[in-house]
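Visitor: Here you go, one structure.
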Amino acid sequence: MPDKKNRKEGAAKQSSAKELGVRTARAASLLISGRFVSIIISAAMFIIVARLLQPHNYGIYVLIMSAATIISTIGNPNIGNYLKERIPRLAAQKKTAEAGTALGDAFLISLCIGAALLIISVIFGNTISTYFLKAPNYNFALDLGFISVLASLLYSTFNDALISINKSGGAAFASIVHSTIQAVTSVSLVFMGFGIIGALSGFTIGLVFAFIFELYIANKTHPIRFAVKGMAKRFAEAINFSKYLTFSGVISSIVSNFSTIYLSFFVLPSIIGDYGIAQKALSAIDVITGSIALALIPMFSEAKQRSPSGPDAGKLFYYSIYLSLLVATPIVLFISIFSHVLIVLLFSASYAGATLYMQLIMLSIPISIFGAYGVNFVIGIGEPGKVMKYTLITGLVSVAAMVPLTMYFGVVGTIAAIFYIGNIIPGMLYVKYILRRGAKLNLSKISRVILANAVPAIALSAMLLLNLQPILELVLGAIIYLAIYPILAAKFGAIEVKDIALIKESGDKLPFVGGILNAFLNYAAAFTS
């Protein structure tokens with residue numbers, strides 16, 4: 001009887017965990033959907049603005065945004081993480097007033113820190129502009145970039161606040177508001193001749209309007225209250241709660257953005273512009289991997305109940321990598337192969353120098369997946385301190401490698417340090433850690449995914465020798481890849497009958513990638529034995 005009772009209780013816990021995961025996935029799907037729409041709008045704006053600014057001015061824009069991002073990240077207390085834990089707990093206890101106080105704290109803390117960073121940045125703006133950006137004529141543009149630091153802190157904090165009060169739809173719409181207003185304003189101002197100042201102004205104006213919208217929704221749900229008494233104590237609690245993830249985010253952001261500023265000591269702004277163009281290609285892959293991570297939430301919740309840090313969780317880690325590579329690898333290779341065509345068609349021949357940079361960055365994405373999912377795994381089993389340790393190790397090694405590599409090899413050296421060494425190190429650390437926890441990784445199927453992609457990739461590379469019209473090359477290349485890849489995936493054993501049902505279950509929860517993934521599975525199923 002006790003065994004039967006325990007089995008029932010265990011089944012109930014697993015069911016409850018999976019239901020919680022499904023609810024979480026549904027809420028998160030709104031965020032992914034909003035982000036997808038936002039990225040489409042931002043991509044259109046980015047293409048137009050880059051074409052109008054040309055490589056030199058766009059390079060200055062990239063440098064200013066890198067400096068502003070570093071300052072914003074260093075001063076960001078990530079109070080949004082604290083809100084995600086505190087407000088749902090207060091709401092469950094019917095403590096509406098305290099929830100409103102937490103929102104008030106978030107507003108005041110972000111406002112004070114953002115204002116302080118803005119004042120300090122403006123004071124030292126001339127020094128930063130002259131010695132670090134080597135652009136003394138862009139002091140006003142740099143000040144606009146610093147203003148965006150304050151707007152960005154408020155926007156990001158209240159985006160998390162909306163998630164914490166179960167308004168994921170509002171958070172998603174806020175990102176669309178930001179990207180839409182930024183796109184319209186930036187393109188209009190740049191087209192009217194305001195150049196970099198117009199692009200920076202549009203970015204900040206979009207953030208301000210999105211923040212106002214977030215503030216309205218948050219205040220409507222939980223009226224915001226300002227309680228100065230005890231604020232220092234509550235602020236200390238918030239910092240302590242998210243210190244590990246905050247530190248990890250700061251290290252990653254500094255390494256990434258400082259690499260761009262350091263690069264400016266050795267190359268012209270126009271080369272920085274090419275590098276900035278290449279970096280933007282990562283956005284499309286981020287949506288895919290983010291969507292896949294979303295689909296895995298229910299299964300992770302169930303696996304965590306069965307085996308918090310052992311084989312079940314390890315299988316999920318392997319499965320997430322496998323699924324990401326199955327979908328992302330063909331996109332990565334397609335963009336790499338046709339990078340020159342895409343750059344010239346979208347951004348003009350002025351950015352042709354970005355071709356090699358885009359190819360190198362895109363080819364680093366499969367390596368990055370191991371570390372990216374390793375972070376989720378370790379946080380999921382409740383060890384954020386391990387994330388901080390591995391992030392610090394990765395940052396130190398990447399910077400140590402970046403200094404000489406950038407000095408001697410320019411952009412290629414920076415890419416090698418940040419996108420290859422900076423991804424190989426965490427991948428090795430997380431995989432080693434997960435294997436030590438008793439998990440087992442089956443790399444055989446992952447290697448078959450890569451093999452199934454190799455054949456169409458070689459065929460498409462050979463097709464470039466025909467020198468067809470650019471549009472024809474893209475269309476014909478896409479048709480060939482879509483026709484050949486699913487067949488080879490089935491024939492090489494990269495996907496089997498037993499995988500299809502399980503992946504379809506996950507695919508149903510993917511807001512955008514799911515439809516494409518299911519179509520691929522249905523086609524591949526016809527060739528599986």
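Starting from 1 in every chain, residues are counted up; chains themselves are A, B, ... following the order of the structure tokens, and ligands are numbered from 1 as listed.
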Would you list the contacts of Phe347 of chain A as a ChimeraX atom specification, taking every protein, DNA or RNA residue within 12 Å and counting only C-alpha atoms, but skipping same-chain residues closer than 6 positions in sequence?

Guide: /A:43-55,58,273-274,277-278,339-341,353-355

Visitor: Between atom CA of Leu333 of chain A and atom CA of Ser368 of chain A, what is the distance in Å, rounded to a tenth?

Guide: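 A separation of 14.8 Å between them.
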
Visitor: Identify, on the basis of only C-alpha atoms, every residue whose closest approach to segment 110-122 of chain A does not exceed 10 Å; exclude the query and any residue fewer than 5 positions from it along the same chain; express the result as JSON, numbers by chain.

Guide: {"A": [67, 68, 71, 72, 74, 75, 76, 77, 78, 79, 104, 105, 127, 128, 139, 140, 142, 143, 144, 145, 146, 147, 148, 149, 150, 151, 152, 153, 154, 155, 156, 157, 158]}

Visitor: Mind pulling up the distance from atom CA of Arg448 of chain A to atom CA of Pro426 of chain A?

Guide: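 Atom-to-atom, atom CA of Pro426 of chain A to atom CA of Arg448 of chain A, that is 23.3 Å.
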
Visitor: What separation in Å, quoted to one decimal, exists between atom CA of Phe203 of chain A and atom CA of Asp160 of chain A?

Guide: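 Value for the atom CA of Phe203 of chain A-atom CA of Asp160 of chain A distance: 19.5 Å.
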
Visitor: Considering only C-alpha atoms, return as number ranges by chain whatever protein or nucleic-acid residues lie within 12 Å of Tyr408 of chain A, sequence-local ones (same chain, fewer than 5 positions apart) excluded.

Guide: A: 263, 265-267, 401-403, 413-414, 416

Visitor: Next, write the just-selected residues to a file, as a PDB file, in the first residue's frame, keeping C-alpha atoms as the atom set.

Guide:
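Just written: out13.pdb:
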```pdb
ATOM      1  CA  LEU A 263      39.023  46.600 -31.946  1.00  0.00           C
ATOM      2  CA  PHE A 265      42.216  50.920 -31.762  1.00  0.00           C
ATOM      3  CA  PHE A 266      43.417  48.819 -34.687  1.00  0.00           C
ATOM      4  CA  VAL A 267      40.877  49.251 -37.505  1.00  0.00           C
ATOM      5  CA  ALA A 401      43.169  35.722 -25.992  1.00  0.00           C
ATOM      6  CA  MET A 402      41.491  38.785 -27.516  1.00  0.00           C
ATOM      7  CA  VAL A 403      44.304  41.211 -26.653  1.00  0.00           C
ATOM      8  CA  GLY A 413      41.229  37.767 -34.165  1.00  0.00           C
ATOM      9  CA  THR A 414      38.333  39.316 -32.229  1.00  0.00           C
ATOM     10  CA  ALA A 416      38.284  33.930 -32.798  1.00  0.00           C
TER      11      ALA A 416
END
```

Visitor: Rank A:Ala99, A:Ile418, A:Val332, A:Ala452 by their smallest atom-to-atom distance to Thr221 of chain A, using only C-alpha atoms, and report the top residue only.

Guide: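 Counting only C-alpha atoms, the residue closest to Thr221 of chain A is A:Ala99.
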
Visitor: Write out as a list in words which residues come within 12 Å of Arg234 of chain A when counting only C-alpha atoms, dropping same-chain ones fewer than 4 positions away.

Guide: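 Everything that qualifies: Ile79, Tyr82, Leu83, Arg86, Glu98, Thr101, Ala102, Leu103, Gly104, Asp105, Ala106, Ile109, Ala227, Val228, Lys229, Gly230, Ala238, Ile239, Asn240 and Phe241 of chain A.
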
Visitor: For Val387 of chain A, list every protein, DNA or RNA residue within 7 Å, evaluated using only C-alpha atoms, and leave out those in the same chain fewer than 6 positions away; present the list as a PyMOL selection string.

Guide: chain A and resi 248+375+378

Visitor: Residues as selected, N, CA and C atoms, written as a short mmCIF file (atom, residue, chain, number, x, y, z; two decimals), in the first residue's frame, can you do that?

Guide:
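Saved to again.cif:
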```cif
data_model
loop_
_atom_site.label_atom_id
_atom_site.label_comp_id
_atom_site.auth_asym_id
_atom_site.auth_seq_id
_atom_site.Cartn_x
_atom_site.Cartn_y
_atom_site.Cartn_z
N SER A 248 27.20 37.43 -13.78
CA SER A 248 27.43 36.70 -15.03
C SER A 248 27.08 37.54 -16.24
N VAL A 375 24.04 26.60 -19.37
CA VAL A 375 23.61 27.63 -18.41
C VAL A 375 22.21 27.32 -17.90
N VAL A 378 22.25 24.26 -15.45
CA VAL A 378 22.81 24.51 -14.13
C VAL A 378 21.91 25.42 -13.30
#
```

Visitor: May I ask which of the residues A:Ala490, A:Ala97, A:Ala524, A:Val455 is the closest one to Pro223 of chain A, counting only C-alpha atoms?

Guide: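 Using only C-alpha atoms, Pro223 of chain A sits closest to A:Ala97.
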
Visitor: So, counting only C-alpha atoms, which residue among A:Ala417, A:Val344, A:Val399, A:Ile335 is closest to Leu460 of chain A?

Guide: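 Once distances to Leu460 of chain A are computed over only C-alpha atoms, the minimum belongs to A:Ile335.
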
Visitor: Which residue out of A:Asp499, A:Leu474, A:Gly125, A:Ser42 has the minimum interatomic distance to Gly202 of chain A when only C-alpha atoms are used?

Guide: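 Among the listed residues, the smallest separation from Gly202 of chain A belongs to A:Ser42.
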